[in-house]
file start_24.pdb (PDB, C-alpha atoms)
MODEL        1
ATOM      1  CA  MET A   1       0.000   0.000   0.000  1.00  0.00           C
ATOM      2  CA  THR A   2       1.345   3.424  -0.883  1.00  0.00           C
ATOM      3  CA  GLN A   3       1.814   6.118   1.709  1.00  0.00           C
ATOM      4  CA  ALA A   4      -0.851   8.206  -0.054  1.00  0.00           C
ATOM      5  CA  ALA A   5      -3.396   5.353   0.042  1.00  0.00           C
ATOM      6  CA  PHE A   6      -2.610   4.678   3.707  1.00  0.00           C
ATOM      7  CA  PHE A   7      -3.236   8.275   4.732  1.00  0.00           C
ATOM      8  CA  ILE A   8      -6.318   8.674   2.515  1.00  0.00           C
ATOM      9  CA  LEU A   9      -7.890   5.633   4.168  1.00  0.00           C
ATOM     10  CA  ALA A  10      -6.918   7.007   7.584  1.00  0.00           C
ATOM     11  CA  ALA A  11      -8.504  10.364   6.683  1.00  0.00           C
ATOM     12  CA  LEU A  12     -11.813   8.633   5.966  1.00  0.00           C
ATOM     13  CA  VAL A  13     -12.019   6.599   9.187  1.00  0.00           C
ATOM     14  CA  ASP A  14     -14.012   9.138  11.196  1.00  0.00           C
ATOM     15  CA  GLU A  15     -16.281  10.617   8.518  1.00  0.00           C
ATOM     16  CA  PRO A  16     -16.871  10.916   4.767  1.00  0.00           C
ATOM     17  CA  ARG A  17     -14.832  13.683   3.144  1.00  0.00           C
ATOM     18  CA  HIS A  18     -14.574  15.411  -0.213  1.00  0.00           C
ATOM     19  CA  GLY A  19     -11.291  15.827  -2.102  1.00  0.00           C
ATOM     20  CA  TYR A  20     -10.094  19.045  -0.483  1.00  0.00           C
ATOM     21  CA  GLY A  21     -11.169  17.771   2.943  1.00  0.00           C
ATOM     22  CA  ILE A  22      -9.113  14.619   2.376  1.00  0.00           C
ATOM     23  CA  VAL A  23      -6.075  16.692   1.361  1.00  0.00           C
ATOM     24  CA  ARG A  24      -6.348  18.800   4.545  1.00  0.00           C
ATOM     25  CA  GLU A  25      -6.868  15.775   6.793  1.00  0.00           C
ATOM     26  CA  VAL A  26      -3.926  13.876   5.265  1.00  0.00           C
ATOM     27  CA  ASP A  27      -1.746  16.945   5.807  1.00  0.00           C
ATOM     28  CA  ALA A  28      -2.825  17.093   9.466  1.00  0.00           C
ATOM     29  CA  LEU A  29      -2.483  13.335  10.088  1.00  0.00           C
ATOM     30  CA  SER A  30       1.000  13.239   8.568  1.00  0.00           C
ATOM     31  CA  ASP A  31       2.195  16.461  10.221  1.00  0.00           C
ATOM     32  CA  GLY A  32       2.704  17.893   6.741  1.00  0.00           C
ATOM     33  CA  HIS A  33       4.937  15.053   5.541  1.00  0.00           C
ATOM     34  CA  VAL A  34       2.407  13.827   2.962  1.00  0.00           C
ATOM     35  CA  GLN A  35       1.146  16.522   0.628  1.00  0.00           C
ATOM     36  CA  LEU A  36      -1.268  15.192  -1.947  1.00  0.00           C
ATOM     37  CA  ARG A  37      -1.485  16.764  -5.368  1.00  0.00           C
ATOM     38  CA  VAL A  38      -4.871  16.719  -7.096  1.00  0.00           C
ATOM     39  CA  GLY A  39      -3.779  14.241  -9.769  1.00  0.00           C
ATOM     40  CA  THR A  40      -2.357  11.890  -7.151  1.00  0.00           C
ATOM     41  CA  LEU A  41      -5.431  12.200  -4.930  1.00  0.00           C
ATOM     42  CA  TYR A  42      -7.968  11.317  -7.595  1.00  0.00           C
ATOM     43  CA  GLY A  43      -5.826   8.531  -9.024  1.00  0.00           C
ATOM     44  CA  VAL A  44      -5.562   6.927  -5.585  1.00  0.00           C
ATOM     45  CA  LEU A  45      -9.270   7.487  -4.883  1.00  0.00           C
ATOM     46  CA  ASP A  46     -10.161   5.739  -8.159  1.00  0.00           C
ATOM     47  CA  ARG A  47      -7.930   2.798  -7.251  1.00  0.00           C
ATOM     48  CA  LEU A  48      -9.350   2.553  -3.710  1.00  0.00           C
ATOM     49  CA  VAL A  49     -12.888   2.540  -5.146  1.00  0.00           C
ATOM     50  CA  ALA A  50     -11.930  -0.142  -7.691  1.00  0.00           C
ATOM     51  CA  ASP A  51     -10.338  -2.237  -4.914  1.00  0.00           C
ATOM     52  CA  GLY A  52     -13.543  -2.012  -2.831  1.00  0.00           C
ATOM     53  CA  PHE A  53     -11.901  -0.103   0.028  1.00  0.00           C
ATOM     54  CA  ILE A  54     -13.903   3.136  -0.287  1.00  0.00           C
ATOM     55  CA  ALA A  55     -17.135   4.194  -1.965  1.00  0.00           C
ATOM     56  CA  LEU A  56     -18.797   7.373  -3.121  1.00  0.00           C
ATOM     57  CA  ASP A  57     -20.926   8.558  -0.190  1.00  0.00           C
ATOM     58  CA  ARG A  58     -22.729  11.479  -1.802  1.00  0.00           C
ATOM     59  CA  GLU A  59     -22.375  14.407  -4.168  1.00  0.00           C
ATOM     60  CA  GLU A  60     -23.159  18.023  -3.301  1.00  0.00           C
ATOM     61  CA  VAL A  61     -22.984  21.248  -5.233  1.00  0.00           C
ATOM     62  CA  HIS A  62     -20.999  23.887  -3.362  1.00  0.00           C
ATOM     63  CA  GLN A  63     -20.504  27.336  -4.896  1.00  0.00           C
ATOM     64  CA  GLY A  64     -21.400  25.947  -8.300  1.00  0.00           C
ATOM     65  CA  ARG A  65     -18.903  23.062  -8.103  1.00  0.00           C
ATOM     66  CA  LEU A  66     -19.633  19.409  -7.544  1.00  0.00           C
ATOM     67  CA  ARG A  67     -18.114  17.888  -4.420  1.00  0.00           C
ATOM     68  CA  ARG A  68     -17.840  14.111  -4.193  1.00  0.00           C
ATOM     69  CA  TYR A  69     -17.684  12.710  -0.691  1.00  0.00           C
ATOM     70  CA  TYR A  70     -16.028   9.345  -0.104  1.00  0.00           C
ATOM     71  CA  ARG A  71     -16.431   6.935   2.809  1.00  0.00           C
ATOM     72  CA  ILE A  72     -14.327   4.011   3.931  1.00  0.00           C
ATOM     73  CA  LEU A  73     -15.816   0.526   3.673  1.00  0.00           C
ATOM     74  CA  ASP A  74     -15.275  -2.433   6.015  1.00  0.00           C
ATOM     75  CA  ALA A  75     -12.719  -3.889   3.600  1.00  0.00           C
ATOM     76  CA  GLY A  76     -10.856  -0.563   3.639  1.00  0.00           C
ATOM     77  CA  GLU A  77     -10.789  -0.488   7.437  1.00  0.00           C
ATOM     78  CA  ALA A  78      -9.489  -4.062   7.511  1.00  0.00           C
ATOM     79  CA  GLU A  79      -6.787  -3.244   4.942  1.00  0.00           C
ATOM     80  CA  LEU A  80      -5.797  -0.081   6.830  1.00  0.00           C
ATOM     81  CA  SER A  81      -5.604  -1.986  10.116  1.00  0.00           C
ATOM     82  CA  ALA A  82      -3.463  -4.735   8.555  1.00  0.00           C
ATOM     83  CA  GLU A  83      -1.128  -2.155   6.991  1.00  0.00           C
ATOM     84  CA  ALA A  84      -0.807  -0.250  10.279  1.00  0.00           C
ATOM     85  CA  GLU A  85       0.135  -3.489  12.058  1.00  0.00           C
ATOM     86  CA  ARG A  86       2.636  -4.380   9.325  1.00  0.00           C
ATOM     87  CA  MET A  87       4.232  -0.939   9.629  1.00  0.00           C
ATOM     88  CA  ALA A  88       4.312  -1.148  13.440  1.00  0.00           C
ATOM     89  CA  ALA A  89       5.983  -4.575  13.281  1.00  0.00           C
ATOM     90  CA  GLY A  90       8.577  -3.203  10.871  1.00  0.00           C
ATOM     91  CA  ALA A  91       9.231  -0.233  13.141  1.00  0.00           C
ATOM     92  CA  ARG A  92       9.688  -2.568  16.131  1.00  0.00           C
ATOM     93  CA  THR A  93      12.170  -4.690  14.170  1.00  0.00           C
ATOM     94  CA  VAL A  94      14.206  -1.654  13.158  1.00  0.00           C
ATOM     95  CA  SER A  95      14.133  -0.215  16.699  1.00  0.00           C
ATOM     96  CA  GLU A  96      15.340  -3.533  18.123  1.00  0.00           C
ATOM     97  CA  ARG A  97      18.083  -3.742  15.510  1.00  0.00           C
ATOM     98  CA  LEU A  98      19.256  -0.203  16.268  1.00  0.00           C
ATOM     99  CA  ALA A  99      19.226  -0.866  20.013  1.00  0.00           C
ATOM    100  CA  ALA A 100      21.291  -4.039  19.527  1.00  0.00           C
ATOM    101  CA  ARG A 101      24.013  -2.537  17.346  1.00  0.00           C
ATOM    102  CA  PRO A 102      27.522  -2.859  18.749  1.00  0.00           C
ATOM    103  CA  SER A 103      28.627  -0.002  20.985  1.00  0.00           C
ATOM    104  CA  GLY A 104      31.377   2.163  19.603  1.00  0.00           C
ATOM    105  CA  ARG A 105      29.868   2.059  16.143  1.00  0.00           C
ATOM    106  CA  ARG A 106      28.849   5.537  15.117  1.00  0.00           C
ATOM    107  CA  PRO A 107      25.833   5.937  12.847  1.00  0.00           C
ATOM    108  CA  GLY A 108      26.547   7.499   9.483  1.00  0.00           C
ATOM    109  CA  LEU A 109      30.079   6.227   9.077  1.00  0.00           C
ATOM    110  CA  ALA A 110      30.748   3.405   6.646  1.00  0.00           C
ATOM    111  CA  GLY A 111      31.996   0.255   8.323  1.00  0.00           C
ATOM    112  CA  GLY A 112      31.498   1.676  11.803  1.00  0.00           C
ATOM    113  CA  ALA A 113      34.728   3.704  11.762  1.00  0.00           C
ATOM    114  CA  ALA A 114      35.045   6.167  14.612  1.00  0.00           C
TER     115      ALA A 114
ENDMDL
END

call {"tool": "encode", "arguments": {"input": "start_24.pdb", "output": "structure tokens"}}
result
Amino acid sequence: MTQAAFFILAALVDEPRHGYGIVREVDALSDGHVQLRVGTLYGVLDRLVADGFIALDREEVHQGRLRRYYRILDAGEAELSAEAERMAAGARTVSERLAARPSGRRPGLAGGAA
């Protein structure tokens, strides 16, 4: 799962959102580390719909423009949960590996040279 898909699914957990609302929520959830461009957003949304992870919730006209709201489906929540667990397990493995590295080895230096 891409980082964009992960955060889009996470943005839809609490309520349906339209495109700009998803962009804002992803920015907030990722502390600004994931900034979705419109082309990326709608490409990922199309793929998540095709995969059965999200669905169109409703359409509204706002200031003369159509807003499409998307909601997460049970399959999307299950996929998001599995991905979050996979990422957490990976983070634990890396943290354990870093904690177990030999003392005297300085990070950032090839071959552990001091």

call {"tool": "closest_residue", "arguments": {"input": "start_24.pdb", "among": "A:Ser103, A:Ser95, A:Gln63, A:Ser81", "to": "Met1 of chain A", "atoms": "only C-alpha atoms"}}
result
A:Ser81

call {"tool": "resolve_selection", "arguments": {"input": "start_24.pdb", "expression": "the PyMOL selection byres ((chain A and resi 14) around 12)", "output": "PyMOL selection string"}}
result
chain A and resi 8-13+15-17+22+25+70-73+77

call {"tool": "closest_residue", "arguments": {"input": "start_24.pdb", "among": "A:Ala4, A:Gly64, A:Asp51, A:Gly21", "to": "Leu36 of chain A", "atoms": "all atoms listed in the file"}}
result
A:Ala4

call {"tool": "atom_distance", "arguments": {"input": "start_24.pdb", "atom1": "atom CA of Ala55 of chain A", "atom2": "atom CA of Tyr69 of chain A"}}
result
8.6 Å

call {"tool": "closest_residue", "arguments": {"input": "start_24.pdb", "among": "A:Gly76, A:Arg65, A:Gly19, A:Arg97", "to": "Ala50 of chain A", "atoms": "all atoms listed in the file"}}
result
A:Gly76

call {"tool": "axis_aligned_box", "arguments": {"input": "start_24.pdb", "around": "segment 59-67 of chain A", "padding_each_side": "4 Å", "output": "AutoDock Vina command-line options"}}
result
--center_x -20.6 --center_y 20.9 --center_z -5.8 --size_x 13.0 --size_y 20.9 --size_z 13.0

call {"tool": "closest_residue", "arguments": {"input": "start_24.pdb", "among": "A:Leu45, A:Ala89, A:Leu66, A:Val38", "to": "Phe7 of chain A", "atoms": "all atoms listed in the file"}}
result
A:Leu45

call {"tool": "residues_around", "arguments": {"input": "start_24.pdb", "residues": "Ala5 of chain A", "least_positions_apart": "6", "cutoff": "9 Å", "atoms": "all atoms listed in the file", "output": "VMD selection string"}}
result
chain A and resid 41 44 to 45 47 to 48

call {"tool": "closest_residue", "arguments": {"input": "start_24.pdb", "among": "A:Arg37, A:Ala100, A:Asp31, A:Ile54", "to": "Ala75 of chain A", "atoms": "all atoms listed in the file"}}
result
A:Ile54

call {"tool": "atom_distance", "arguments": {"input": "start_24.pdb", "atom1": "atom CA of Glu79 of chain A", "atom2": "atom CA of Arg92 of chain A"}}
result
19.9 Å

call {"tool": "closest_residue", "arguments": {"input": "start_24.pdb", "among": "A:Phe6, A:Arg67, A:Gly52, A:Val61", "to": "His18 of chain A", "atoms": "all atoms listed in the file"}}
result
A:Arg67
